[in-house]
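Engineer: What follows is coords-v2.cif, made up of mmCIF, C-alpha atoms:
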data_run
#
loop_
_atom_site.label_atom_id
_atom_site.label_comp_id
_atom_site.auth_asym_id
_atom_site.auth_seq_id
_atom_site.Cartn_x
_atom_site.Cartn_y
_atom_site.Cartn_z
CA MET A 1 15.83 -9.51 6.23
CA ILE A 2 19.35 -8.36 5.39
CA GLU A 3 19.83 -6.50 2.11
CA ASP A 4 22.08 -8.71 0.09
CA PRO A 5 22.48 -7.23 -3.40
CA LEU A 6 23.97 -9.10 -6.32
CA ASP A 7 27.54 -8.24 -7.15
CA PRO A 8 27.86 -5.51 -9.80
CA ARG A 9 28.65 -7.87 -12.70
CA LEU A 10 25.58 -10.00 -12.08
CA ARG A 11 23.51 -6.89 -11.48
CA ASP A 12 24.57 -5.43 -14.83
CA ALA A 13 23.71 -8.68 -16.59
CA ALA A 14 20.33 -8.74 -14.87
CA ALA A 15 19.63 -5.15 -15.92
CA ASP A 16 19.58 -6.30 -19.56
CA TYR A 17 16.84 -8.82 -18.85
CA ASN A 18 13.86 -7.94 -21.05
CA LYS A 19 15.06 -4.36 -21.36
CA PRO A 20 12.02 -2.32 -22.43
CA PRO A 21 12.09 -0.29 -25.65
CA GLU A 22 10.43 3.10 -25.91
CA THR A 23 6.76 3.01 -24.95
CA PRO A 24 4.50 2.78 -28.03
CA ARG A 25 2.04 5.23 -26.50
CA GLU A 26 -0.14 6.09 -29.46
CA ALA A 27 -0.56 2.55 -30.76
CA MET A 28 -1.61 1.30 -27.35
CA TRP A 29 -3.92 4.26 -26.75
CA ALA A 30 -5.73 3.53 -30.00
CA ALA A 31 -6.09 -0.13 -29.04
CA ILE A 32 -7.41 0.81 -25.60
CA GLN A 33 -9.99 3.13 -27.09
CA SER A 34 -11.18 0.40 -29.42
CA GLY A 35 -11.08 -2.26 -26.69
CA ARG A 36 -13.28 -0.24 -24.37
CA THR A 37 -16.18 -0.41 -26.79
CA ARG A 38 -16.38 -4.22 -26.37
CA PRO A 39 -18.93 -5.61 -23.89
CA ALA A 40 -17.66 -6.59 -20.44
CA ARG A 41 -17.35 -10.22 -19.45
CA ARG A 42 -19.96 -11.69 -17.14
CA PRO A 43 -19.00 -13.04 -13.74
CA ILE A 44 -19.07 -16.80 -13.21
CA TRP A 45 -19.26 -17.00 -9.43
CA LYS A 46 -22.12 -18.81 -7.78
CA PRO A 47 -22.95 -18.13 -4.13
CA LEU A 48 -22.25 -20.74 -1.43
CA LEU A 49 -22.16 -20.60 2.34
CA TRP A 50 -18.69 -19.62 3.52
CA GLY A 51 -19.40 -16.64 5.77
CA GLY A 52 -20.25 -18.50 8.97
CA LEU A 53 -17.43 -20.94 8.51
CA ALA A 54 -14.94 -18.15 7.90
CA ALA A 55 -16.05 -16.28 11.02
CA ALA A 56 -15.69 -19.44 13.09
CA ALA A 57 -12.19 -20.05 11.77
CA VAL A 58 -11.06 -16.53 12.60
CA LEU A 59 -12.64 -16.83 16.05
CA VAL A 60 -10.77 -20.05 16.79
CA LEU A 61 -7.47 -18.59 15.68
CA GLY A 62 -8.11 -15.51 17.80
CA ILE A 63 -8.85 -17.68 20.84
CA LEU A 64 -5.69 -19.70 20.35
CA ILE A 65 -3.52 -16.62 20.01
CA GLY A 66 -5.29 -14.91 22.91
CA ARG A 67 -4.76 -17.98 25.07
CA ALA A 68 -1.09 -17.96 24.18
CA LEU A 69 -0.75 -14.30 25.10
CA MET A 70 -2.59 -14.73 28.40
CA SER A 71 -0.91 -17.92 29.51
CA GLY A 72 2.57 -16.49 30.14
CA SER A 73 4.85 -18.87 32.07
CA HIS A 74 2.49 -19.83 34.90
CA ALA A 75 -0.44 -21.34 33.07
CA PRO A 76 0.01 -24.51 31.06
CA VAL A 77 -1.33 -24.50 27.57
CA ASN A 78 -3.93 -27.07 26.74
CA PRO A 79 -4.05 -27.26 23.02
CA PRO A 80 -7.49 -28.25 21.82
CA ILE A 81 -6.05 -30.63 19.29
CA ALA A 82 -3.59 -33.47 19.10
CA GLY A 83 -0.41 -32.06 17.63
CA PRO A 84 3.35 -32.09 17.90
CA VAL A 85 3.45 -30.33 21.27
CA ASN A 86 6.29 -31.05 23.68
CA PRO A 87 4.79 -30.88 27.18
CA ASP A 88 8.10 -29.72 28.64
CA THR A 89 8.06 -26.53 26.58
CA ALA A 90 4.33 -25.99 26.32
CA THR A 91 4.54 -22.21 26.66
CA GLY A 92 3.28 -19.36 24.55
CA ASP A 93 5.51 -20.37 21.65
CA ASN A 94 3.91 -23.76 21.52
CA ALA A 95 0.47 -22.23 21.54
CA PHE A 96 1.47 -20.24 18.49
CA LYS A 97 2.77 -23.40 16.85
CA VAL A 98 -0.55 -25.09 17.55
CA ALA A 99 -2.35 -22.08 16.13
CA ALA A 100 -0.09 -22.26 13.07
CA VAL A 101 -0.82 -25.97 12.53
CA GLN A 102 -4.52 -25.25 12.94
CA TYR A 103 -4.30 -22.39 10.50
CA LEU A 104 -2.34 -24.41 7.94
CA SER A 105 -4.91 -27.17 8.25
CA GLN A 106 -7.73 -24.70 7.56
CA SER A 107 -5.83 -23.27 4.63
CA GLU A 108 -5.32 -26.74 3.22
CA VAL A 109 -9.05 -27.43 3.45
CA PHE A 110 -9.85 -24.09 1.87
CA LEU A 111 -7.45 -24.56 -1.04
CA THR A 112 -8.57 -28.16 -1.57
CA THR A 113 -12.19 -27.01 -1.65
CA PHE A 114 -11.26 -24.12 -3.92
CA ARG A 115 -9.67 -26.50 -6.43
CA ALA A 116 -12.53 -28.99 -6.23
CA ASP A 117 -15.12 -26.22 -6.75
CA LEU A 118 -13.10 -24.91 -9.65
CA LYS A 119 -13.07 -28.30 -11.34
CA GLN A 120 -16.83 -28.63 -10.90
CA GLY A 121 -17.41 -25.09 -12.12
CA THR A 122 -19.16 -24.17 -8.86
CA LEU A 123 -16.65 -21.68 -7.55
CA ASP A 124 -17.83 -20.00 -4.37
CA GLN A 125 -18.61 -16.31 -4.65
CA ASN A 126 -17.22 -15.84 -1.16
CA ALA A 127 -13.92 -17.60 -1.81
CA GLY A 128 -12.24 -14.22 -2.17
CA ARG A 129 -13.55 -13.04 1.17
CA ARG A 130 -12.58 -16.30 2.84
CA ALA A 131 -9.08 -15.98 1.35
CA GLN A 132 -8.92 -12.44 2.72
CA GLU A 133 -9.74 -13.72 6.20
CA LEU A 134 -7.12 -16.44 5.97
CA LEU A 135 -4.73 -13.77 4.72
CA SER A 136 -5.36 -11.70 7.84
CA SER A 137 -4.67 -14.71 10.04
CA ASN A 138 -1.56 -15.45 7.98
CA ARG A 139 -0.22 -12.00 8.76
CA LEU A 140 -0.88 -12.43 12.46
CA LEU A 141 1.03 -15.70 12.39
CA MET A 142 3.90 -14.23 10.38
CA ASP A 143 4.35 -11.65 13.10
CA SER A 144 4.17 -14.32 15.79
CA PRO A 145 6.80 -16.71 17.19
CA ALA A 146 5.32 -19.41 14.94
CA ALA A 147 7.18 -17.81 12.03
CA ARG A 148 10.54 -18.24 13.73
CA ASP A 149 10.75 -21.67 12.15
CA PRO A 150 12.16 -20.99 8.64
CA LYS A 151 10.08 -23.75 7.01
CA THR A 152 6.86 -22.49 8.55
CA LYS A 153 7.75 -18.94 7.60
CA ALA A 154 8.47 -19.89 3.98
CA LEU A 155 5.23 -21.85 3.83
CA LEU A 156 3.26 -18.93 5.29
CA GLN A 157 4.84 -16.54 2.77
CA ASP A 158 4.09 -18.75 -0.22
CA LEU A 159 0.59 -19.30 1.10
CA GLU A 160 0.21 -15.55 1.48
CA LEU A 161 0.89 -15.03 -2.22
CA VAL A 162 -1.73 -17.58 -3.30
CA LEU A 163 -4.31 -16.31 -0.82
CA ALA A 164 -3.66 -12.76 -1.98
CA GLU A 165 -4.37 -13.82 -5.56
CA ILE A 166 -7.62 -15.50 -4.56
CA ALA A 167 -8.56 -12.58 -2.33
CA GLN A 168 -8.11 -10.20 -5.24
CA MET A 169 -10.53 -12.14 -7.39
CA THR A 170 -13.58 -10.07 -8.07
CA ASP A 171 -16.83 -10.67 -9.82
CA GLN A 172 -14.96 -9.63 -12.96
CA THR A 173 -12.60 -12.56 -12.58
CA ASP A 174 -13.41 -15.21 -15.11
CA LYS A 175 -12.96 -18.95 -14.91
CA ASN A 176 -9.74 -18.87 -16.92
CA GLU A 177 -8.10 -16.50 -14.48
CA ALA A 178 -9.20 -18.67 -11.57
CA ASN A 179 -7.74 -21.68 -13.35
CA MET A 180 -4.45 -19.84 -13.64
CA ILE A 181 -4.35 -19.44 -9.88
CA ASP A 182 -5.00 -23.14 -9.60
CA ASP A 183 -2.11 -23.84 -11.96
CA GLY A 184 0.16 -21.70 -9.83
CA LEU A 185 -0.94 -23.66 -6.80
CA GLU A 186 -0.07 -26.90 -8.54
CA GLN A 187 3.30 -25.74 -9.80
CA GLY A 188 4.45 -24.45 -6.44
CA GLY A 189 3.53 -27.72 -4.74
CA LEU A 190 1.89 -25.64 -2.03
CA LEU A 191 -0.87 -28.10 -1.21
CA SER A 192 1.52 -31.00 -0.76
CA ARG A 193 3.73 -28.84 1.46
CA LEU A 194 0.69 -27.88 3.51
CA ARG A 195 -0.28 -31.53 3.88
CA THR A 196 3.23 -32.36 5.01
CA ALA A 197 3.13 -29.58 7.59
CA VAL A 198 -0.20 -30.66 9.03
CA PRO A 199 -0.05 -33.82 11.18
CA ALA A 200 -2.32 -36.67 10.12
CA GLY A 201 -5.72 -36.64 11.78
CA GLN A 202 -5.58 -32.91 12.40
CA PRO A 203 -9.13 -31.69 12.93
CA THR A 204 -10.16 -28.59 11.04
CA VAL A 205 -11.88 -26.49 13.64
CA GLY A 206 -13.96 -23.77 12.10
CA LEU A 207 -14.50 -25.42 8.76
CA MET B 1 -3.08 17.80 -10.44
CA THR B 2 -3.81 15.36 -7.62
CA ASP B 3 -4.87 11.78 -8.14
CA HIS B 4 -8.20 12.60 -6.58
CA SER B 5 -9.13 15.43 -8.93
CA LEU B 6 -7.90 13.50 -11.95
CA ILE B 7 -10.04 10.51 -10.97
CA GLU B 8 -13.05 12.75 -10.50
CA ARG B 9 -12.60 14.19 -13.97
CA VAL B 10 -12.25 10.73 -15.50
CA LEU B 11 -15.36 9.53 -13.69
CA ALA B 12 -17.19 12.60 -14.92
CA GLY B 13 -16.47 11.41 -18.45
CA GLU B 14 -13.85 13.98 -19.41
CA ALA B 15 -11.94 12.45 -22.31
CA SER B 16 -8.84 14.58 -21.83
CA ALA B 17 -8.60 13.37 -18.23
CA GLU B 18 -8.58 9.78 -19.41
CA ARG B 19 -5.66 10.58 -21.63
CA GLU B 20 -3.89 12.42 -18.80
CA LEU B 21 -4.24 9.42 -16.56
CA TYR B 22 -2.89 7.20 -19.32
CA ASP B 23 0.05 9.48 -20.03
CA ALA B 24 0.93 9.72 -16.36
CA HIS B 25 1.16 5.96 -15.85
CA VAL B 26 1.69 4.25 -19.17
CA ASP B 27 5.50 4.29 -19.15
CA ARG B 28 5.72 2.63 -15.78
CA VAL B 29 3.09 0.04 -16.69
CA PHE B 30 4.69 -0.71 -20.05
CA ARG B 31 8.15 -1.10 -18.54
CA LEU B 32 6.86 -3.57 -16.00
CA ALA B 33 4.77 -5.44 -18.57
CA TYR B 34 7.73 -5.67 -20.94
CA ARG B 35 10.09 -6.84 -18.21
CA MET B 36 7.62 -9.55 -17.31
CA ALA B 37 6.68 -10.56 -20.88
CA GLY B 38 9.91 -10.02 -22.80
CA GLU B 39 7.93 -9.44 -25.99
CA SER B 40 6.57 -6.18 -27.30
CA ASP B 41 3.25 -7.53 -28.61
CA LEU B 42 2.51 -9.36 -25.40
CA ALA B 43 3.54 -6.39 -23.26
CA GLN B 44 1.30 -4.11 -25.30
CA ASP B 45 -1.62 -6.51 -24.84
CA PHE B 46 -1.03 -6.45 -21.10
CA VAL B 47 -0.89 -2.65 -21.00
CA GLN B 48 -4.08 -2.34 -23.02
CA GLU B 49 -5.95 -4.79 -20.82
CA THR B 50 -4.60 -3.04 -17.73
CA PHE B 51 -5.91 0.37 -18.75
CA ILE B 52 -9.24 -1.02 -19.88
CA LYS B 53 -9.62 -2.51 -16.40
CA VAL B 54 -8.37 0.68 -14.75
CA TYR B 55 -11.05 2.77 -16.46
CA SER B 56 -13.80 0.24 -15.81
CA ARG B 57 -12.92 -0.15 -12.13
CA LEU B 58 -11.85 3.41 -11.34
CA ALA B 59 -15.08 4.08 -9.46
CA THR B 60 -14.13 1.30 -7.01
CA PHE B 61 -10.73 2.85 -6.21
CA ARG B 62 -10.96 3.82 -2.56
CA GLY B 63 -7.68 5.67 -2.27
CA GLU B 64 -6.24 3.29 0.30
CA SER B 65 -3.01 3.27 -1.69
CA ALA B 66 -1.54 5.60 -4.27
CA LEU B 67 -3.24 5.46 -7.64
CA SER B 68 0.05 4.31 -9.19
CA THR B 69 0.18 1.35 -6.77
CA TRP B 70 -3.40 0.42 -7.56
CA ILE B 71 -2.68 0.55 -11.28
CA THR B 72 0.48 -1.50 -10.75
CA SER B 73 -1.50 -4.17 -8.91
CA ILE B 74 -3.91 -4.43 -11.84
CA ALA B 75 -1.02 -4.53 -14.32
CA LEU B 76 0.68 -7.29 -12.36
CA SER B 77 -2.48 -9.33 -12.14
CA VAL B 78 -3.05 -8.96 -15.88
CA ALA B 79 0.56 -9.80 -16.72
CA LEU B 80 0.82 -12.82 -14.42
CA ASN B 81 -2.48 -14.28 -15.59
CA GLY B 82 -1.55 -13.60 -19.20
CA LEU B 83 1.85 -15.20 -18.83
CA ARG B 84 0.33 -18.31 -17.28
CA LYS B 85 -2.01 -18.63 -20.23
CA VAL B 86 0.85 -18.18 -22.67
CA LYS B 87 3.01 -20.65 -20.79
CA ARG B 88 0.31 -23.27 -20.81
CA PHE B 89 -0.31 -22.74 -24.51
CA ARG B 90 3.39 -22.93 -25.34
CA GLN B 91 3.86 -26.05 -23.22
CA ARG B 92 1.12 -27.74 -25.21
CA GLU B 93 2.75 -26.64 -28.46
CA ALA B 94 6.18 -27.72 -27.28
CA GLY B 95 4.78 -31.11 -26.36
CA LEU B 96 3.49 -31.56 -29.88
CA GLU B 97 6.75 -30.41 -31.45
CA GLU B 98 8.79 -32.68 -29.23
CA ALA B 99 6.72 -35.63 -30.34
CA VAL B 100 7.72 -35.16 -33.97
CA THR B 101 11.31 -33.97 -33.54
CA VAL B 102 12.61 -36.43 -31.01
CA THR B 103 15.93 -36.85 -32.77
CA GLU B 104 16.65 -33.17 -33.09
CA THR B 105 19.66 -32.20 -31.05
CA ARG B 106 18.99 -29.44 -28.61
CA ARG B 107 21.12 -26.41 -29.40
CA ARG B 108 23.26 -25.35 -26.51
CA THR B 109 23.59 -21.67 -25.89
CA GLU B 110 26.96 -20.05 -25.42
CA PRO B 111 27.94 -19.79 -21.78
CA ASP B 112 27.55 -16.06 -21.93
CA LEU B 113 26.73 -14.38 -18.65
CA HIS B 114 23.82 -12.43 -20.08
CA ILE B 115 22.24 -15.49 -21.67
CA ARG B 116 22.76 -17.51 -18.53
CA MET B 117 21.33 -14.72 -16.43
CA ARG B 118 18.26 -14.54 -18.69
CA ASP B 119 17.71 -18.29 -18.38
CA ALA B 120 18.20 -18.16 -14.63
CA ILE B 121 15.70 -15.34 -14.20
CA ASP B 122 13.22 -17.10 -16.48
CA LYS B 123 13.50 -20.21 -14.32
CA LEU B 124 12.83 -18.39 -11.05
CA PRO B 125 9.50 -19.25 -9.45
CA GLU B 126 6.87 -16.74 -10.44
CA GLY B 127 6.77 -14.92 -7.11
CA TYR B 128 10.55 -14.61 -6.91
CA ARG B 129 10.83 -13.38 -10.49
CA THR B 130 8.09 -10.80 -10.03
CA VAL B 131 9.67 -9.32 -6.94
CA PHE B 132 13.17 -9.44 -8.44
CA VAL B 133 12.05 -7.68 -11.63
CA MET B 134 10.10 -5.06 -9.73
CA HIS B 135 12.73 -4.30 -7.12
CA ASP B 136 16.10 -4.84 -8.75
CA MET B 137 15.20 -3.79 -12.28
CA GLU B 138 12.37 -1.32 -12.01
CA GLY B 139 13.20 0.17 -8.64
CA TYR B 140 9.93 -0.45 -6.82
CA THR B 141 10.16 -0.38 -3.03
CA HIS B 142 9.18 -3.39 -0.97
CA GLU B 143 6.21 -1.40 0.30
CA GLU B 144 5.03 -0.74 -3.25
CA ILE B 145 5.59 -4.37 -4.23
CA GLY B 146 3.77 -5.57 -1.13
CA SER B 147 0.80 -3.31 -1.88
CA ALA B 148 0.69 -4.32 -5.53
CA LEU B 149 0.89 -8.04 -4.80
CA GLY B 150 -1.31 -7.84 -1.73
CA VAL B 151 1.41 -9.22 0.54
CA GLN B 152 3.46 -7.80 3.38
CA SER B 153 6.65 -5.93 2.57
CA GLY B 154 8.51 -8.55 4.61
CA THR B 155 7.32 -11.21 2.20
CA SER B 156 8.60 -9.14 -0.69
CA LYS B 157 11.99 -8.86 1.02
CA ALA B 158 12.09 -12.59 1.65
CA GLN B 159 11.18 -13.39 -1.96
CA LEU B 160 13.88 -11.03 -3.22
CA PHE B 161 16.45 -12.57 -0.91
CA ARG B 162 15.61 -16.04 -2.19
CA ALA B 163 15.54 -14.88 -5.81
CA ARG B 164 19.03 -13.44 -5.53
CA ALA B 165 20.26 -16.57 -3.77
CA LYS B 166 18.91 -18.71 -6.60
CA LEU B 167 20.53 -16.50 -9.22
CA ARG B 168 23.88 -16.64 -7.43
CA GLU B 169 23.58 -20.40 -7.23
CA ALA B 170 22.68 -20.69 -10.93
CA LEU B 171 25.58 -18.44 -11.90
CA ALA B 172 28.08 -19.71 -9.38
CA ASP B 173 30.64 -20.46 -12.08
CA PHE B 174 30.83 -16.76 -12.84
CA ALA B 175 31.60 -15.92 -9.24
CA GLY B 176 35.35 -16.48 -9.64
CA GLU B 177 35.56 -14.26 -12.70
CA SER B 178 33.45 -11.71 -10.94
CA ALA B 179 35.70 -11.61 -7.89
CA SER B 180 38.92 -11.37 -9.91
#
What would the structure in this file look like if it were written as structure tokens?

Structural biologist:
Amino acid sequence: MIEDPLDPRLRDAAADYNKPPETPREAMWAAIQSGRTRPARRPIWKPLLWGGLAAAAVLVLGILIGRALMSGSHAPVNPPIAGPVNPDTATGDNAFKVAAVQYLSQSEVFLTTFRADLKQGTLDQNAGRRAQELLSSNRLLMDSPAARDPKTKALLQDLELVLAEIAQMTDQTDKNEANMIDDGLEQGGLLSRLRTAVPAGQPTVGL
Amino acid sequence: MTDHSLIERVLAGEASAERELYDAHVDRVFRLAYRMAGESDLAQDFVQETFIKVYSRLATFRGESALSTWITSIALSVALNGLRKVKRFRQREAGLEEAVTVTETRRRTEPDLHIRMRDAIDKLPEGYRTVFVMHDMEGYTHEEIGSALGVQSGTSKAQLFRARAKLREALADFAGESAS
């Protein structure tokens, strides 16, 4: 990404944005000391079965990427799913695209489930771990030819932010904080963009 | 004093070490919180919650990143969650006010560059604004931002690029004056 700074006039104007005053150290220290005597909040997460599903999803993505790397120019790629693959250019790049579609489909299912669980108050204890696994796959895809397409890249990057938030949820995360992530998901229109990116009838291998 | 020895002293219950840790990081955390919140009370709330979480979770810090980066990631999480709560609350309040003051004419701000810039930054999507504030205002590197947000540094660069593009677009009418 090319560094493309704002021109000096705009930069100066931006520098005044919410310019911080001097740090009120002592007042905040006193408040921290008093706040630490309050009891900690209790976690809300309830356990569900995500582990096996997550492992399967990662395995499938690994196979797809591995197949793409092994295929080179002499072996045709046989994508395991119906997708927007042009048979004339079914090379490694297309395998990555298929892997990306598969991954986006899995992410859509995960985020849809996450929101549904949230609404029912049955948020999965392993959602954070699952998000972390999807995050790892996201990074593989971002470094792959699949991210050459600007739309896919932007979608992967926005998805990365949301997954990172979910992955950082801990047992100290309360329902309100989880709801805030859900709000962010709604405002960014991420789910609808994911649904647009995933062809209709796309199976969700691994979920 | 290294991060490691300071953490050990805090975990051992040494009160002066807690204060040392606070003194070493509070300015940076407050600056970021204030840039994000734009209000002193709110920023102070964020800083307080951040340090309460830092002390309660310090035993889980594995040293995979610098302590400052770890603290920044907690501060960001606190600030972003807090701002979403505030936004939702204010939207509800605004909805109620709008219902009873339908005829009130909206006051237009002067087309001042600083005011327009503030509005434009406020309107940036959350991710863009966070990266823009951290990088262009507070001087964090993309690596630090990536670690704090839990994303790759490339994502931080991309978000910054898009944030600047949006600001240029929003302030396009100042471009001529700027060039002259």

Engineer: I need the output of the PyMOL selection byres ((chain A) within 6 of (chain B)) for this file as a PyMOL selection string; which residues are they?

Structural biologist: chain A and resi 13+15+17-18+20+32+157+164

Engineer: State, in Å with one decimal place, the distance from CA of Glu169 (chain B) to CA of Arg129 (chain B).

Structural biologist: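 Taking CA of Glu169 (chain B) and CA of Arg129 (chain B), their separation equals 14.9 Å.
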
Engineer: Give me, as number ranges by chain, all polymer residues having an atom no more than 10 Å from Glu20 (chain B), counting only C-alpha atoms and skipping those fewer than 5 positions away in the same chain.

Structural biologist: B: 1, 6, 10, 15, 25-26

Engineer: Grab the CA of Ala167 (chain A) to CA of Arg193 (chain A) distance for me, in Å with one decimal place.

Structural biologist: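 Computed distance, CA of Ala167 (chain A) to CA of Arg193 (chain A), equals 20.7 Å.
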
Engineer: With distances taken over only C-alpha atoms, which of A:Met169, A:Leu6, A:Leu190, A:Val198 is nearest to Arg130 (chain A)?

Structural biologist: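 Under the stated criterion, the closest residue is A:Met169.
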
Engineer: First collect every listed atom of region 147-153 of chain B; then fit an axis-aligned box around them, widen it by 3 Å on each side, and give centre and edge lengths in Å to one decimal, as lines of an AutoDock Vina configuration file.

Structural biologist:
center_x = 2.7
center_y = -6.3
center_z = -1.1
size_x = 14.0
size_y = 11.9
size_z = 14.9

Engineer: Counting all atoms listed in the file, which residue out of A:Leu194, A:Leu141, A:Leu163, A:Leu134 sits closest to Asp93 (chain A)?

Structural biologist: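 So, comparing all the options, the nearest one is A:Leu141.
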
Engineer: Please enumerate the residues selected by the PyMOL selection byres ((chain A and resi 113) around 12) when evaluated against the supplied file, formatted as a ChimeraX atom specification.

Structural biologist: /A:48,50,106-112,114-124,127,130-131,182,191,207

Engineer: Write out, as a short mmCIF file (atom, residue, chain, number, x, y, z; two decimals), in the coordinates of the input, the residues just selected, with C-alpha atoms.

Structural biologist:
data_model
loop_
_atom_site.label_atom_id
_atom_site.label_comp_id
_atom_site.auth_asym_id
_atom_site.auth_seq_id
_atom_site.Cartn_x
_atom_site.Cartn_y
_atom_site.Cartn_z
CA LEU A 48 -22.25 -20.74 -1.43
CA TRP A 50 -18.69 -19.62 3.52
CA GLN A 106 -7.73 -24.70 7.56
CA SER A 107 -5.83 -23.27 4.63
CA GLU A 108 -5.32 -26.74 3.22
CA VAL A 109 -9.05 -27.43 3.45
CA PHE A 110 -9.85 -24.09 1.87
CA LEU A 111 -7.45 -24.56 -1.04
CA THR A 112 -8.57 -28.16 -1.57
CA PHE A 114 -11.26 -24.12 -3.92
CA ARG A 115 -9.67 -26.50 -6.43
CA ALA A 116 -12.53 -28.99 -6.23
CA ASP A 117 -15.12 -26.22 -6.75
CA LEU A 118 -13.10 -24.91 -9.65
CA LYS A 119 -13.07 -28.30 -11.34
CA GLN A 120 -16.83 -28.63 -10.90
CA GLY A 121 -17.41 -25.09 -12.12
CA THR A 122 -19.16 -24.17 -8.86
CA LEU A 123 -16.65 -21.68 -7.55
CA ASP A 124 -17.83 -20.00 -4.37
CA ALA A 127 -13.92 -17.60 -1.81
CA ARG A 130 -12.58 -16.30 2.84
CA ALA A 131 -9.08 -15.98 1.35
CA ASP A 182 -5.00 -23.14 -9.60
CA LEU A 191 -0.87 -28.10 -1.21
CA LEU A 207 -14.50 -25.42 8.76
#

Engineer: Which value, in Å to one decimal, gives the distance between CA of Tyr128 (chain B) and CA of Arg11 (chain A)?

Structural biologist: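 Between these atoms lies a distance of 15.8 Å.
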
Engineer: Scan for residues within 7 Å of the point (1.2, 5.2, -11.7) in the coordinates of the file, using all atoms listed in the file, and reply as number ranges by chain.

Structural biologist: B: 24-25, 28, 67-69, 71-72
